[in-house]
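What follows is one structure encoded as structure tokens, with my remarks underneath.
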Amino acid sequence: MKILVLNGPNLNMLGIREPDIYGAQTYDNLIALITSHCEKKGIEVNCLQSNHEGDLVDYIQQAYFDKVDGIVINPGAYTHTSVALLDALKAVSIPAVEVHISKVNEREAFRQISYVSYYCSKTITGKGFDGYIEAIDFLADGAK
Ligand code: DQA
């Protein structure tokens, strides 16, 4: 079982960025949590982050050639703008779960649209870092 965890713009700034919304833990803390969980479960995981939309499209496309079984994606602000990320997910046809650290549904109106949600089989919001773990487990259980 191979999983790609993809984080979009500004998620590298976790811990610094609006801690009242995103918490005090850093991006490195997030990756440590994911890595140790996947190690325990025997899941091969690759965690990537980019501030650039095209890089994220490239990473999704590469997942197809790397025979990745599932994608966990937090597209950050590109959630609300990017048809390109939606199309990339549709192109590779790999099961995917959308994660948001914050409660996006209780925030500004412009955050209420998610393009990737048209593809993702599940959306997890407002559970902090635990949302990534829930998404990984959902994909791992589904692929068994
Ligand atoms: C986010 C929510 C988005 O609206 C925001 O642009 C982010 C992070 C979240 O994890 O809660 O960058 O995806």
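Residues are named by chain letter and number: chains run A, B, ... in the order of the structure tokens, numbers start at 1 in each chain, and ligands are numbered from 1 in the order shown.
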Open item on the list: Any residue with an atom at most 7 Å from ligand 1 counts, using only C-alpha atoms and all ligand atoms. Which are they? Put them as a PyMOL selection string.
Closed with: chain A and resi 9-11+22+74-79+99-104+111+125-126
TODO: Looking only at strand (DSSP E or B) from DSSP on the backbone, list the matching residues of stretch 27-135 of chain A as a ChimeraX atom specification.
DONE: /A:44-49,70-74,96-100,122-125
Export N, CA, C and O atoms of the chosen residues as a JSON list (two decimals), in the first residue's frame?
```json
[["chain", "number", "residue", "atom", "x", "y", "z"],
["A", 44, "GLU", "N", 3.54, 2.45, 2.94],
["A", 44, "GLU", "CA", 4.62, 3.25, 2.35],
["A", 44, "GLU", "C", 4.05, 4.64, 2.06],
["A", 44, "GLU", "O", 3.05, 4.76, 1.34],
["A", 45, "VAL", "N", 4.67, 5.68, 2.63],
["A", 45, "VAL", "CA", 4.09, 7.03, 2.45],
["A", 45, "VAL", "C", 5.13, 8.00, 1.93],
["A", 45, "VAL", "O", 6.30, 7.94, 2.28],
["A", 46, "ASN", "N", 4.67, 8.88, 1.04],
["A", 46, "ASN", "CA", 5.51, 9.94, 0.51],
["A", 46, "ASN", "C", 4.78, 11.25, 0.78],
["A", 46, "ASN", "O", 3.62, 11.41, 0.37],
["A", 47, "CYS", "N", 5.41, 12.17, 1.51],
["A", 47, "CYS", "CA", 4.78, 13.45, 1.84],
["A", 47, "CYS", "C", 5.44, 14.57, 1.05],
["A", 47, "CYS", "O", 6.65, 14.75, 1.13],
["A", 48, "LEU", "N", 4.63, 15.32, 0.29],
["A", 48, "LEU", "CA", 5.16, 16.41, -0.52],
["A", 48, "LEU", "C", 4.35, 17.68, -0.26],
["A", 48, "LEU", "O", 3.15, 17.61, 0.02],
["A", 49, "GLN", "N", 5.03, 18.82, -0.37],
["A", 49, "GLN", "CA", 4.35, 20.11, -0.20],
["A", 49, "GLN", "C", 4.87, 21.06, -1.26],
["A", 49, "GLN", "O", 6.06, 21.04, -1.60],
["A", 70, "GLY", "N", -3.28, 5.55, -3.12],
["A", 70, "GLY", "CA", -4.22, 6.53, -2.56],
["A", 70, "GLY", "C", -3.54, 7.87, -2.36],
["A", 70, "GLY", "O", -2.34, 7.93, -2.07],
["A", 71, "ILE", "N", -4.33, 8.94, -2.51],
["A", 71, "ILE", "CA", -3.80, 10.30, -2.33],
["A", 71, "ILE", "C", -4.59, 11.01, -1.23],
["A", 71, "ILE", "O", -5.82, 11.04, -1.27],
["A", 72, "VAL", "N", -3.85, 11.57, -0.26],
["A", 72, "VAL", "CA", -4.46, 12.46, 0.74],
["A", 72, "VAL", "C", -4.04, 13.86, 0.33],
["A", 72, "VAL", "O", -2.85, 14.13, 0.19],
["A", 73, "ILE", "N", -5.00, 14.73, 0.11],
["A", 73, "ILE", "CA", -4.66, 16.06, -0.40],
["A", 73, "ILE", "C", -5.30, 17.18, 0.42],
["A", 73, "ILE", "O", -6.50, 17.17, 0.67],
["A", 74, "ASN", "N", -4.44, 18.10, 0.87],
["A", 74, "ASN", "CA", -4.91, 19.37, 1.41],
["A", 74, "ASN", "C", -4.39, 20.44, 0.45],
["A", 74, "ASN", "O", -3.23, 20.84, 0.54],
["A", 96, "ALA", "N", -8.85, 9.25, -3.66],
["A", 96, "ALA", "CA", -8.30, 10.41, -2.95],
["A", 96, "ALA", "C", -9.25, 10.91, -1.86],
["A", 96, "ALA", "O", -10.46, 10.80, -1.99],
["A", 97, "VAL", "N", -8.65, 11.43, -0.80],
["A", 97, "VAL", "CA", -9.40, 12.04, 0.30],
["A", 97, "VAL", "C", -8.88, 13.46, 0.49],
["A", 97, "VAL", "O", -7.67, 13.70, 0.50],
["A", 98, "GLU", "N", -9.82, 14.38, 0.65],
["A", 98, "GLU", "CA", -9.50, 15.80, 0.86],
["A", 98, "GLU", "C", -9.47, 16.09, 2.36],
["A", 98, "GLU", "O", -10.38, 15.67, 3.08],
["A", 99, "VAL", "N", -8.43, 16.78, 2.81],
["A", 99, "VAL", "CA", -8.31, 17.13, 4.24],
["A", 99, "VAL", "C", -8.13, 18.63, 4.40],
["A", 99, "VAL", "O", -7.39, 19.26, 3.64],
["A", 100, "HIS", "N", -8.82, 19.17, 5.39],
["A", 100, "HIS", "CA", -8.58, 20.56, 5.82],
["A", 100, "HIS", "C", -8.41, 20.56, 7.32],
["A", 100, "HIS", "O", -9.22, 19.96, 8.05],
["A", 122, "LYS", "N", -14.02, 11.41, -0.01],
["A", 122, "LYS", "CA", -14.33, 11.85, 1.36],
["A", 122, "LYS", "C", -13.64, 13.19, 1.60],
["A", 122, "LYS", "O", -12.54, 13.42, 1.08],
["A", 123, "THR", "N", -14.29, 14.03, 2.42],
["A", 123, "THR", "CA", -13.68, 15.31, 2.82],
["A", 123, "THR", "C", -13.69, 15.37, 4.34],
["A", 123, "THR", "O", -14.73, 15.15, 4.96],
["A", 124, "ILE", "N", -12.52, 15.63, 4.93],
["A", 124, "ILE", "CA", -12.40, 15.69, 6.39],
["A", 124, "ILE", "C", -11.98, 17.12, 6.75],
["A", 124, "ILE", "O", -10.94, 17.60, 6.29],
["A", 125, "THR", "N", -12.79, 17.79, 7.57],
["A", 125, "THR", "CA", -12.47, 19.17, 7.93],
["A", 125, "THR", "C", -12.50, 19.35, 9.44],
["A", 125, "THR", "O", -13.25, 18.66, 10.14]]
```
- [ ] Please provide as a list in words all residues within 9 Å of stretch 81-84 of chain A, with the sequence filter that same-chain residues fewer than 4 positions apart are discarded (counting only C-alpha atoms).
- [x] Glu53, Gly54, Val57, Pro75, Ala77, Ala88, Leu89, Ile113, Ser114, Tyr115 and Val116 of chain A
Using all heavy atoms, can you export the residues from the last selection as a CSV table (one decimal), in the first residue's frame?
```csv
chain,number,residue,atom,x,y,z
A,53,GLU,N,0.9,25.7,-7.9
A,53,GLU,CA,-0.1,24.9,-8.4
A,53,GLU,C,0.4,23.8,-9.4
A,53,GLU,O,0.0,22.6,-9.3
A,53,GLU,CB,-1.2,25.8,-9.1
A,53,GLU,CG,-2.4,25.1,-9.5
A,53,GLU,CD,-3.5,26.0,-10.1
A,53,GLU,OE1,-3.1,27.2,-10.3
A,53,GLU,OE2,-4.6,25.6,-10.3
A,54,GLY,N,1.2,24.2,-10.3
A,54,GLY,CA,1.8,23.3,-11.3
A,54,GLY,C,2.6,22.2,-10.7
A,54,GLY,O,2.5,21.1,-11.2
A,57,VAL,N,0.1,19.6,-9.5
A,57,VAL,CA,-0.4,18.9,-10.7
A,57,VAL,C,0.7,17.8,-11.1
A,57,VAL,O,0.3,16.6,-11.3
A,57,VAL,CB,-0.7,19.8,-11.9
A,57,VAL,CG1,-0.9,19.0,-13.2
A,57,VAL,CG2,-1.9,20.7,-11.6
A,75,PRO,N,-5.2,20.9,-0.5
A,75,PRO,CA,-4.7,21.8,-1.5
A,75,PRO,C,-4.6,23.2,-1.0
A,75,PRO,O,-4.3,24.1,-1.8
A,75,PRO,CB,-5.8,21.7,-2.6
A,75,PRO,CG,-6.8,20.6,-2.2
A,75,PRO,CD,-6.6,20.5,-0.7
A,77,ALA,N,-5.3,27.0,-0.3
A,77,ALA,CA,-6.1,27.9,-1.0
A,77,ALA,C,-6.5,27.5,-2.4
A,77,ALA,O,-7.6,27.9,-2.9
A,77,ALA,CB,-5.5,29.3,-1.0
A,88,ALA,N,-6.4,16.9,-12.7
A,88,ALA,CA,-5.2,16.0,-12.4
A,88,ALA,C,-5.7,14.8,-11.7
A,88,ALA,O,-5.3,13.6,-12.0
A,88,ALA,CB,-4.1,16.7,-11.7
A,89,LEU,N,-6.5,15.0,-10.7
A,89,LEU,CA,-7.0,13.8,-9.9
A,89,LEU,C,-7.9,12.9,-10.8
A,89,LEU,O,-7.8,11.7,-10.8
A,89,LEU,CB,-7.8,14.3,-8.7
A,89,LEU,CG,-7.0,14.9,-7.5
A,89,LEU,CD1,-7.9,15.6,-6.5
A,89,LEU,CD2,-6.1,13.9,-6.8
A,113,ILE,N,-16.4,26.7,-1.5
A,113,ILE,CA,-16.3,26.0,-2.7
A,113,ILE,C,-15.0,25.1,-2.7
A,113,ILE,O,-14.0,25.6,-2.3
A,113,ILE,CB,-16.2,26.9,-3.9
A,113,ILE,CG1,-17.6,27.5,-4.2
A,113,ILE,CG2,-15.7,26.3,-5.2
A,113,ILE,CD1,-18.1,27.4,-5.6
A,114,SER,N,-15.2,23.9,-3.0
A,114,SER,CA,-14.0,23.0,-3.2
A,114,SER,C,-14.1,22.3,-4.5
A,114,SER,O,-15.0,21.5,-4.7
A,114,SER,CB,-13.9,22.0,-2.1
A,114,SER,OG,-12.9,21.0,-2.5
A,115,TYR,N,-13.1,22.6,-5.4
A,115,TYR,CA,-13.1,21.9,-6.7
A,115,TYR,C,-12.7,20.4,-6.6
A,115,TYR,O,-13.3,19.6,-7.2
A,115,TYR,CB,-12.3,22.6,-7.7
A,115,TYR,CG,-12.9,23.9,-8.2
A,115,TYR,CD1,-12.6,25.1,-7.6
A,115,TYR,CD2,-13.9,23.9,-9.2
A,115,TYR,CE1,-13.2,26.3,-8.0
A,115,TYR,CE2,-14.5,25.1,-9.6
A,115,TYR,CZ,-14.2,26.3,-9.0
A,115,TYR,OH,-14.8,27.4,-9.3
A,116,VAL,N,-11.7,20.2,-5.7
A,116,VAL,CA,-11.3,18.8,-5.6
A,116,VAL,C,-12.3,17.9,-5.0
A,116,VAL,O,-12.3,16.7,-5.2
A,116,VAL,CB,-9.9,18.6,-4.9
A,116,VAL,CG1,-8.8,19.3,-5.6
A,116,VAL,CG2,-10.0,19.0,-3.4
```
- [ ] Select from stretch 1-115 of chain A everything DSSP, run on the backbone, classes as alpha helix (DSSP H), then give the selection as a PyMOL selection string.
- [x] chain A and resi 19-22+27-41+53-65+83-92
Open item on the list: Using only C-alpha atoms, which protein or nucleic acid residues come within 12 Å of A:Ala140? Drop anything in the same chain fewer than 3 positions from it, and give the result as a PyMOL selection string.
Closed with: chain A and resi 1-4+37-38+41-45+68-72+95-97+133-137+143-144
Next, write the just-selected residues to a file, as a tab-separated table (two decimals), in the first residue's frame, keeping C-alpha atoms as the atom set.
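Written out: again-v6.tsv:
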```
chain	number	residue	atom	x	y	z
A	1	MET	CA	0.00	0.00	0.00
A	2	LYS	CA	1.50	3.28	-1.21
A	3	ILE	CA	0.07	6.65	-0.17
A	4	LEU	CA	0.93	10.16	-1.30
A	37	HIS	CA	1.53	6.20	11.88
A	38	CYS	CA	2.31	4.73	8.45
A	41	LYS	CA	0.58	0.23	9.77
A	42	GLY	CA	3.11	-0.92	7.20
A	43	ILE	CA	2.07	1.74	4.71
A	44	GLU	CA	4.62	3.25	2.35
A	45	VAL	CA	4.09	7.03	2.45
A	68	VAL	CA	0.37	5.07	-5.81
A	69	ASP	CA	-2.76	3.47	-4.28
A	70	GLY	CA	-4.22	6.53	-2.56
A	71	ILE	CA	-3.80	10.30	-2.33
A	72	VAL	CA	-4.46	12.46	0.74
A	95	PRO	CA	-8.68	7.12	-4.83
A	96	ALA	CA	-8.30	10.41	-2.95
A	97	VAL	CA	-9.40	12.04	0.30
A	133	ILE	CA	-4.51	10.08	9.88
A	134	GLU	CA	-8.23	9.47	9.40
A	135	ALA	CA	-7.79	9.97	5.64
A	136	ILE	CA	-4.85	7.55	5.47
A	137	ASP	CA	-6.79	4.90	7.40
A	143	ALA	CA	-7.86	-0.72	-0.60
A	144	LYS	CA	-7.75	-3.99	1.39
```
Task: Å distance separating atom CA of A:Asn7 from atom CA of A:Ser50, one decimal place - done: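 Computing the Euclidean distance for atom CA of A:Asn7 and atom CA of A:Ser50 yields 6.6 Å.
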Open item on the list: One decimal, in Å: what's the spacing between atom CA of A:Tyr118 and atom CA of A:Tyr132?
Closed with: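 Pair atom CA of A:Tyr118 / atom CA of A:Tyr132 returns 19.0 Å.
Between atom CA of A:Thr26 and atom CA of A:Met13 there is a distance of 7.1 Å.
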